[in-house]
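Below is one structure, written out as structure tokens; comments come after it.
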Amino acid sequence: MAFNDLLRVFWQRKLLIVVVMVLVIGPAYAATKLVSPEYESTATLTLTPAKAGNDLSLFLILDQVVPLYADAATDRTTLDQARQLAGGSLCGIDVQTFKGTGIFKIKSRCTSRSRAQRSAAAVASVLLTRAEAGDVGVPSMKLSEPDQAEFPGSPVFPRTKLTLLVAALLGLGLGLAAAVMRESLTTKVESADDLAAVAGVPVYAEIPAESAVLKLHSPEDLAVQPRLRIVAEAFRDLRTNLLFTDEGIRSVLITSPDGSHGKTTVAFGLAATLARAGTRTLLIDADLRRGRIAELLELPRSPGLMDVLLGETELEDAVRVGEDGLHVLVGGRRSADPGELLTSAFPTLLTRLEREYETVVIDSTPVIPISDARIVARYADATILVARAGFALRRQVRAAVERLGLINVQLTAAVLNYSSAVRASSYYVQPTGDESAEKIPARRLSEKRGAARR
């Protein structure tokens with residue numbers, strides 16, 4: 001994984017990293033508050049020759065002599081006498097020696113400041129007395145106390161700042177590791193970058209996760225409902241990317257790897273956006289098994305595409321025109337196996353419709369479970385795959401692309417639906433549903449495309 005990929009993973013998983021850090025820092029901070037603080041007092045003792053002079057031999061045996069005094073500081077006799085001198089129990093006593101010197105320190109550590117000072121002072125005093133009496137040590141060495149035990153200030157344990165710093169570094173490391181592991185083990189498409197990487201095509205739009213889309217029934221809803229304005233902007237983004245990618249595109253197939261990705265809503269949103277911009281647009285429900293364009297727009301299901309393919313209804317009688325100029329060809333009666341009709345009759349019908357309309361948007365079946373979408377994709381100018389964020393499996397997206405590739409259909413682009421990464425911006429929010437400013441450029445583009453077509 002490249003460095004830039006790691007940075008992208010860390011940014012996308014920043015919430016996970018923060019959660020892991022909090023889970024590490026929280027208990028560490030709580031532990032510093034729950035434990036009793038401990039204080040330490042230290043008395044420093046030194047060994048020097050008893051008589052003045054340059055007797056180097058005495059300094060050469062310091063490493064053998066100092067341990068004798070250190071052991072004497074913690075033996076039973078010294079501790080019993082120190083306990084009597086301190087007038088109570090002693091704190092924990094520890095002796096620290098320094099190699100090659102005659103210096104050693106008597107440390108006393110406990111939860112009481114005054115008791116820590118008394119304990120260190122008592123042990124040092126008893127040891128000095130015993131050394132002067134000749135009970136411990138070497139007669140030729142003199143034991144003195146240059147630094148007496150002082151009253152301790154701040155506690156030596158716990159060290160809150162150091163503990164929190166270590167916990168933060170540990171939590172950050174664990175968080176980064178968790179982010180990389182989560183990215184490696186994830187099986188779902190969660191972002192536009194994920195979808196583009198798995199599908200191998202650019203993502204033309206991210207449709208935000210907005211519950212108001214469920215109440216969408218007409219092109220006008222995209223303009224007048226405030227909650228749908230950011231959704232409408234996403235569809236305009238899809239329209240712009242699609243139209244300016246290839247001016248020769250006349251028909252667009254909308255499909256998905258499997259069901260429940262919202263492909264029908266995307267197909268309707270794209271068609272409605274094109275129609276509102278002044279493009280003569282036809283929306284076809286080519287999902288002849290479970291298509292729901294009729295239910296979405298609250299239109300009768302028949303006559304529709306199936307009736308036209310069977311020759312039972314004329315195309316002009318089956319196409320319905322809405323108030324916003326969007327032409328709709330619903331699916332008609334459902335069929336258990338429409339594959340033969342789609343193979344034989346649909347190509348001719350699509351060629352006719354491409355002559356009559358500037359753009360034909362086709363809502364088809366999912367790619368993986370049914371072959372209908374692959375049949376239609378052979379004749380459409382562009383194929384767009386819709387994947388639902390946090391729901392689409394990466395292996396499903398790859399499988400859909402591979403199945404289209406088997407019949408030499410190159411995926412044009414992808415759309416990430418129900419994306420939580422899209423946020424509203426006041427720059428794009430229109431006070432009204434008027435899109436007249438868009439219609440002139442769209443018509444000019446349509447005229448240019450028409451001229452190129454001729």
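In the structure tokens, chains take the letters A, B, ... in the order shown, each chain's residues start at 1, and ligands count up from 1 in the order shown.
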ask   = Skipping near chain neighbours, those fewer than 3 positions away, what residues fall within 12 Å of A:Arg182 using only C-alpha atoms, listed as a ChimeraX atom specification?
value = /A:9-10,12-14,16-17,174-179,185-188,190
For C-alpha atoms, I'd like the residues from the last selection saved as a PDB file, in the first residue's frame.
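This went into part-v5.pdb:
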```pdb
ATOM      1  CA  VAL A   9      -7.165   5.200   4.577  1.00  0.00           C
ATOM      2  CA  PHE A  10      -6.259   7.120   7.750  1.00  0.00           C
ATOM      3  CA  GLN A  12     -11.404   7.827   5.839  1.00  0.00           C
ATOM      4  CA  ARG A  13     -11.008   5.857   9.093  1.00  0.00           C
ATOM      5  CA  LYS A  14     -10.302   8.891  11.276  1.00  0.00           C
ATOM      6  CA  LEU A  16     -12.087   4.651  14.118  1.00  0.00           C
ATOM      7  CA  ILE A  17      -8.646   6.021  15.013  1.00  0.00           C
ATOM      8  CA  LEU A 174      -3.302   0.961  17.712  1.00  0.00           C
ATOM      9  CA  GLY A 175      -5.771   3.236  15.913  1.00  0.00           C
ATOM     10  CA  LEU A 176      -3.633   3.421  12.780  1.00  0.00           C
ATOM     11  CA  ALA A 177      -3.174  -0.344  12.854  1.00  0.00           C
ATOM     12  CA  ALA A 178      -6.926  -0.832  13.275  1.00  0.00           C
ATOM     13  CA  ALA A 179      -7.594   1.484  10.315  1.00  0.00           C
ATOM     14  CA  LEU A 185     -10.639  -6.812   5.765  1.00  0.00           C
ATOM     15  CA  THR A 186     -13.569  -4.725   4.514  1.00  0.00           C
ATOM     16  CA  THR A 187     -15.687  -6.315   1.816  1.00  0.00           C
ATOM     17  CA  LYS A 188     -18.009  -3.397   1.064  1.00  0.00           C
ATOM     18  CA  GLU A 190     -17.913   2.650   1.262  1.00  0.00           C
TER      19      GLU A 190
END
```
task = Find the residues near stretch 270-285 of chain A: any atom within 7 Å, counting only C-alpha atoms, skip ones fewer than 6 places away on the same chain, and give them as a PyMOL selection string.
result = chain A and resi 219+235-236+239+291+293+324-331+357-364+438-439+442-443+446
query = How would you write, as a PyMOL selection string, the set of residues in stretch 189-344 of chain A that DSSP gives as helix (DSSP H, G or I)?
reply = chain A and resi 192-199+211-215+219-224+226-245+263-276+293-296+305-309+315-318+339-344
task = Compile the contact shell of stretch 408-411 of chain A as an MDAnalysis selection string: residues with an atom at most 9 Å away, counting only C-alpha atoms, same-chain residues fewer than 2 positions apart removed.
result = chainID A and resid 199:201 374 377:378 382:385 401 403:406 413:414
Give me, as a short mmCIF file (atom, residue, chain, number, x, y, z; two decimals) with C-alpha atoms, in the first residue's frame, all polymer residues having an atom no more than 12 Å from A:Asp307, counting only C-alpha atoms and skipping those fewer than 2 positions away in the same chain.
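Saved to part19.cif:
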```
data_model
loop_
_atom_site.label_atom_id
_atom_site.label_comp_id
_atom_site.auth_asym_id
_atom_site.auth_seq_id
_atom_site.Cartn_x
_atom_site.Cartn_y
_atom_site.Cartn_z
CA ALA A 286 -36.62 -2.10 -19.39
CA LEU A 288 -39.62 -6.34 -17.51
CA ARG A 301 -48.40 -0.18 -15.85
CA SER A 302 -49.90 -0.95 -19.24
CA PRO A 303 -49.55 -0.30 -22.06
CA GLY A 304 -45.75 -0.28 -21.89
CA LEU A 305 -42.53 -1.62 -23.36
CA LEU A 309 -42.22 -5.30 -28.26
CA LEU A 310 -45.02 -7.81 -28.74
CA GLY A 311 -46.62 -5.56 -31.38
CA GLU A 312 -49.84 -5.26 -29.43
CA THR A 313 -49.55 -1.49 -28.90
CA GLU A 314 -48.16 1.32 -31.00
CA LEU A 315 -45.21 3.20 -29.53
CA GLU A 316 -47.07 6.52 -29.64
CA ASP A 317 -49.88 5.06 -27.53
CA ALA A 318 -47.51 3.66 -24.91
CA VAL A 319 -45.32 6.74 -24.34
CA LEU A 329 -42.28 4.34 -21.45
CA VAL A 330 -43.24 2.08 -18.55
CA GLY A 331 -42.55 -1.65 -18.54
CA GLY A 332 -46.00 -2.95 -19.36
CA ARG A 333 -47.11 -6.31 -18.13
CA ARG A 334 -44.42 -8.35 -16.44
CA SER A 335 -42.85 -11.35 -18.08
CA PRO A 338 -38.32 -11.40 -21.67
CA LEU A 341 -37.89 -10.14 -26.98
CA ALA A 345 -37.16 -6.65 -30.98
CA PHE A 346 -35.52 -4.16 -28.60
#
```
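Residues lying within 8 Å of A:Ser420, counting only C-alpha atoms and ignoring same-chain neighbours fewer than 6 positions away, are Pro208, Ala209 and Ala389 of chain A.
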message = Here is a test: counting only C-alpha atoms, which residue of A:Val198, A:Ala43, A:Ala28, A:Ile375 is nearest to A:Thr163?
response = A:Ala28
key: Residue list (strand (DSSP E), DSSP) for stretch 100-311 of chain A, as a PyMOL selection string   = chain A and resi 103-110+141-147+203-208+251-255+281-285
Write out, as an mmCIF file, in the first residue's frame, the residues just selected, with N, CA and C atoms.
```cif
data_model
loop_
_atom_site.group_PDB
_atom_site.id
_atom_site.type_symbol
_atom_site.label_atom_id
_atom_site.label_comp_id
_atom_site.auth_asym_id
_atom_site.auth_seq_id
_atom_site.Cartn_x
_atom_site.Cartn_y
_atom_site.Cartn_z
ATOM 1 N N ILE A 103 28.956 6.847 46.868
ATOM 2 C CA ILE A 103 27.657 7.457 47.112
ATOM 3 C C ILE A 103 26.556 6.406 47.027
ATOM 4 N N PHE A 104 25.648 6.449 47.960
ATOM 5 C CA PHE A 104 24.419 5.642 47.846
ATOM 6 C C PHE A 104 23.274 6.410 48.489
ATOM 7 N N LYS A 105 22.067 6.099 48.011
ATOM 8 C CA LYS A 105 20.880 6.835 48.446
ATOM 9 C C LYS A 105 19.882 5.889 49.096
ATOM 10 N N ILE A 106 19.315 6.368 50.190
ATOM 11 C CA ILE A 106 18.255 5.634 50.883
ATOM 12 C C ILE A 106 16.929 6.301 50.526
ATOM 13 N N LYS A 107 16.076 5.568 49.849
ATOM 14 C CA LYS A 107 14.795 6.106 49.379
ATOM 15 C C LYS A 107 13.647 5.473 50.141
ATOM 16 N N SER A 108 12.711 6.330 50.517
ATOM 17 C CA SER A 108 11.506 5.873 51.206
ATOM 18 C C SER A 108 10.299 6.330 50.400
ATOM 19 N N ARG A 109 9.392 5.401 50.137
ATOM 20 C CA ARG A 109 8.259 5.706 49.250
ATOM 21 C C ARG A 109 6.965 5.152 49.822
ATOM 22 N N CYS A 110 5.967 6.031 49.983
ATOM 23 C CA CYS A 110 4.636 5.596 50.427
ATOM 24 C C CYS A 110 3.631 6.698 50.124
ATOM 25 N N MET A 141 36.847 3.661 56.707
ATOM 26 C CA MET A 141 35.951 4.499 55.897
ATOM 27 C C MET A 141 35.013 5.269 56.811
ATOM 28 N N LYS A 142 34.739 6.482 56.411
ATOM 29 C CA LYS A 142 33.846 7.354 57.170
ATOM 30 C C LYS A 142 32.533 7.524 56.407
ATOM 31 N N LEU A 143 31.398 7.312 57.087
ATOM 32 C CA LEU A 143 30.074 7.475 56.490
ATOM 33 C C LEU A 143 29.501 8.819 56.912
ATOM 34 N N SER A 144 29.080 9.600 55.943
ATOM 35 C CA SER A 144 28.500 10.921 56.233
ATOM 36 C C SER A 144 27.221 11.106 55.424
ATOM 37 N N GLU A 145 26.456 12.118 55.784
ATOM 38 C CA GLU A 145 25.159 12.390 55.130
ATOM 39 C C GLU A 145 25.164 13.819 54.586
ATOM 40 N N PRO A 146 25.590 14.004 53.345
ATOM 41 C CA PRO A 146 25.621 15.357 52.778
ATOM 42 C C PRO A 146 24.231 15.931 52.503
ATOM 43 N N ASP A 147 23.263 15.068 52.138
ATOM 44 C CA ASP A 147 21.899 15.532 51.851
ATOM 45 C C ASP A 147 20.922 14.747 52.711
ATOM 46 N N VAL A 203 -16.168 7.678 -11.123
ATOM 47 C CA VAL A 203 -17.472 7.839 -10.481
ATOM 48 C C VAL A 203 -18.018 9.198 -10.898
ATOM 49 N N TYR A 204 -19.114 9.199 -11.631
ATOM 50 C CA TYR A 204 -19.664 10.444 -12.175
ATOM 51 C C TYR A 204 -20.464 11.229 -11.145
ATOM 52 N N ALA A 205 -20.953 10.575 -10.102
ATOM 53 C CA ALA A 205 -21.779 11.303 -9.122
ATOM 54 C C ALA A 205 -21.875 10.499 -7.839
ATOM 55 N N GLU A 206 -22.041 11.230 -6.733
ATOM 56 C CA GLU A 206 -22.357 10.647 -5.432
ATOM 57 C C GLU A 206 -23.731 11.154 -5.027
ATOM 58 N N ILE A 207 -24.688 10.269 -4.984
ATOM 59 C CA ILE A 207 -26.049 10.647 -4.601
ATOM 60 C C ILE A 207 -26.157 10.552 -3.081
ATOM 61 N N PRO A 208 -26.512 11.639 -2.417
ATOM 62 C CA PRO A 208 -26.527 11.619 -0.941
ATOM 63 C C PRO A 208 -27.615 10.719 -0.384
ATOM 64 N N SER A 251 -28.129 7.029 -25.866
ATOM 65 C CA SER A 251 -28.850 6.118 -24.968
ATOM 66 C C SER A 251 -27.943 5.731 -23.811
ATOM 67 N N VAL A 252 -28.532 5.706 -22.616
ATOM 68 C CA VAL A 252 -27.786 5.425 -21.395
ATOM 69 C C VAL A 252 -28.498 4.309 -20.636
ATOM 70 N N LEU A 253 -27.775 3.235 -20.346
ATOM 71 C CA LEU A 253 -28.329 2.131 -19.561
ATOM 72 C C LEU A 253 -27.915 2.310 -18.105
ATOM 73 N N ILE A 254 -28.878 2.227 -17.198
ATOM 74 C CA ILE A 254 -28.623 2.302 -15.758
ATOM 75 C C ILE A 254 -28.865 0.919 -15.168
ATOM 76 N N THR A 255 -27.846 0.360 -14.533
ATOM 77 C CA THR A 255 -27.980 -0.960 -13.925
ATOM 78 C C THR A 255 -27.236 -0.982 -12.593
ATOM 79 N N THR A 281 -36.086 13.984 -23.708
ATOM 80 C CA THR A 281 -35.627 12.783 -23.012
ATOM 81 C C THR A 281 -36.747 11.770 -22.869
ATOM 82 N N LEU A 282 -36.387 10.501 -23.041
ATOM 83 C CA LEU A 282 -37.325 9.400 -22.828
ATOM 84 C C LEU A 282 -36.748 8.486 -21.745
ATOM 85 N N LEU A 283 -37.567 8.169 -20.751
ATOM 86 C CA LEU A 283 -37.206 7.223 -19.713
ATOM 87 C C LEU A 283 -37.908 5.903 -19.987
ATOM 88 N N ILE A 284 -37.135 4.827 -20.128
ATOM 89 C CA ILE A 284 -37.697 3.506 -20.432
ATOM 90 C C ILE A 284 -37.504 2.584 -19.239
ATOM 91 N N ASP A 285 -38.567 1.891 -18.860
ATOM 92 C CA ASP A 285 -38.465 0.849 -17.842
ATOM 93 C C ASP A 285 -38.242 -0.475 -18.571
#
```
query = Counting only C-alpha atoms, what is within 9 Å of A:Arg227, bar same-chain residues fewer than 5 positions away, as a PyMOL selection string?
reply = chain A and resi 210-213+222
query = Nearest to A:Val166: which of A:Asp94, A:Met21, A:Asp246, A:Tyr69 is it, counting only C-alpha atoms?
reply =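 Once distances to A:Val166 are computed over only C-alpha atoms, the minimum belongs to A:Met21.
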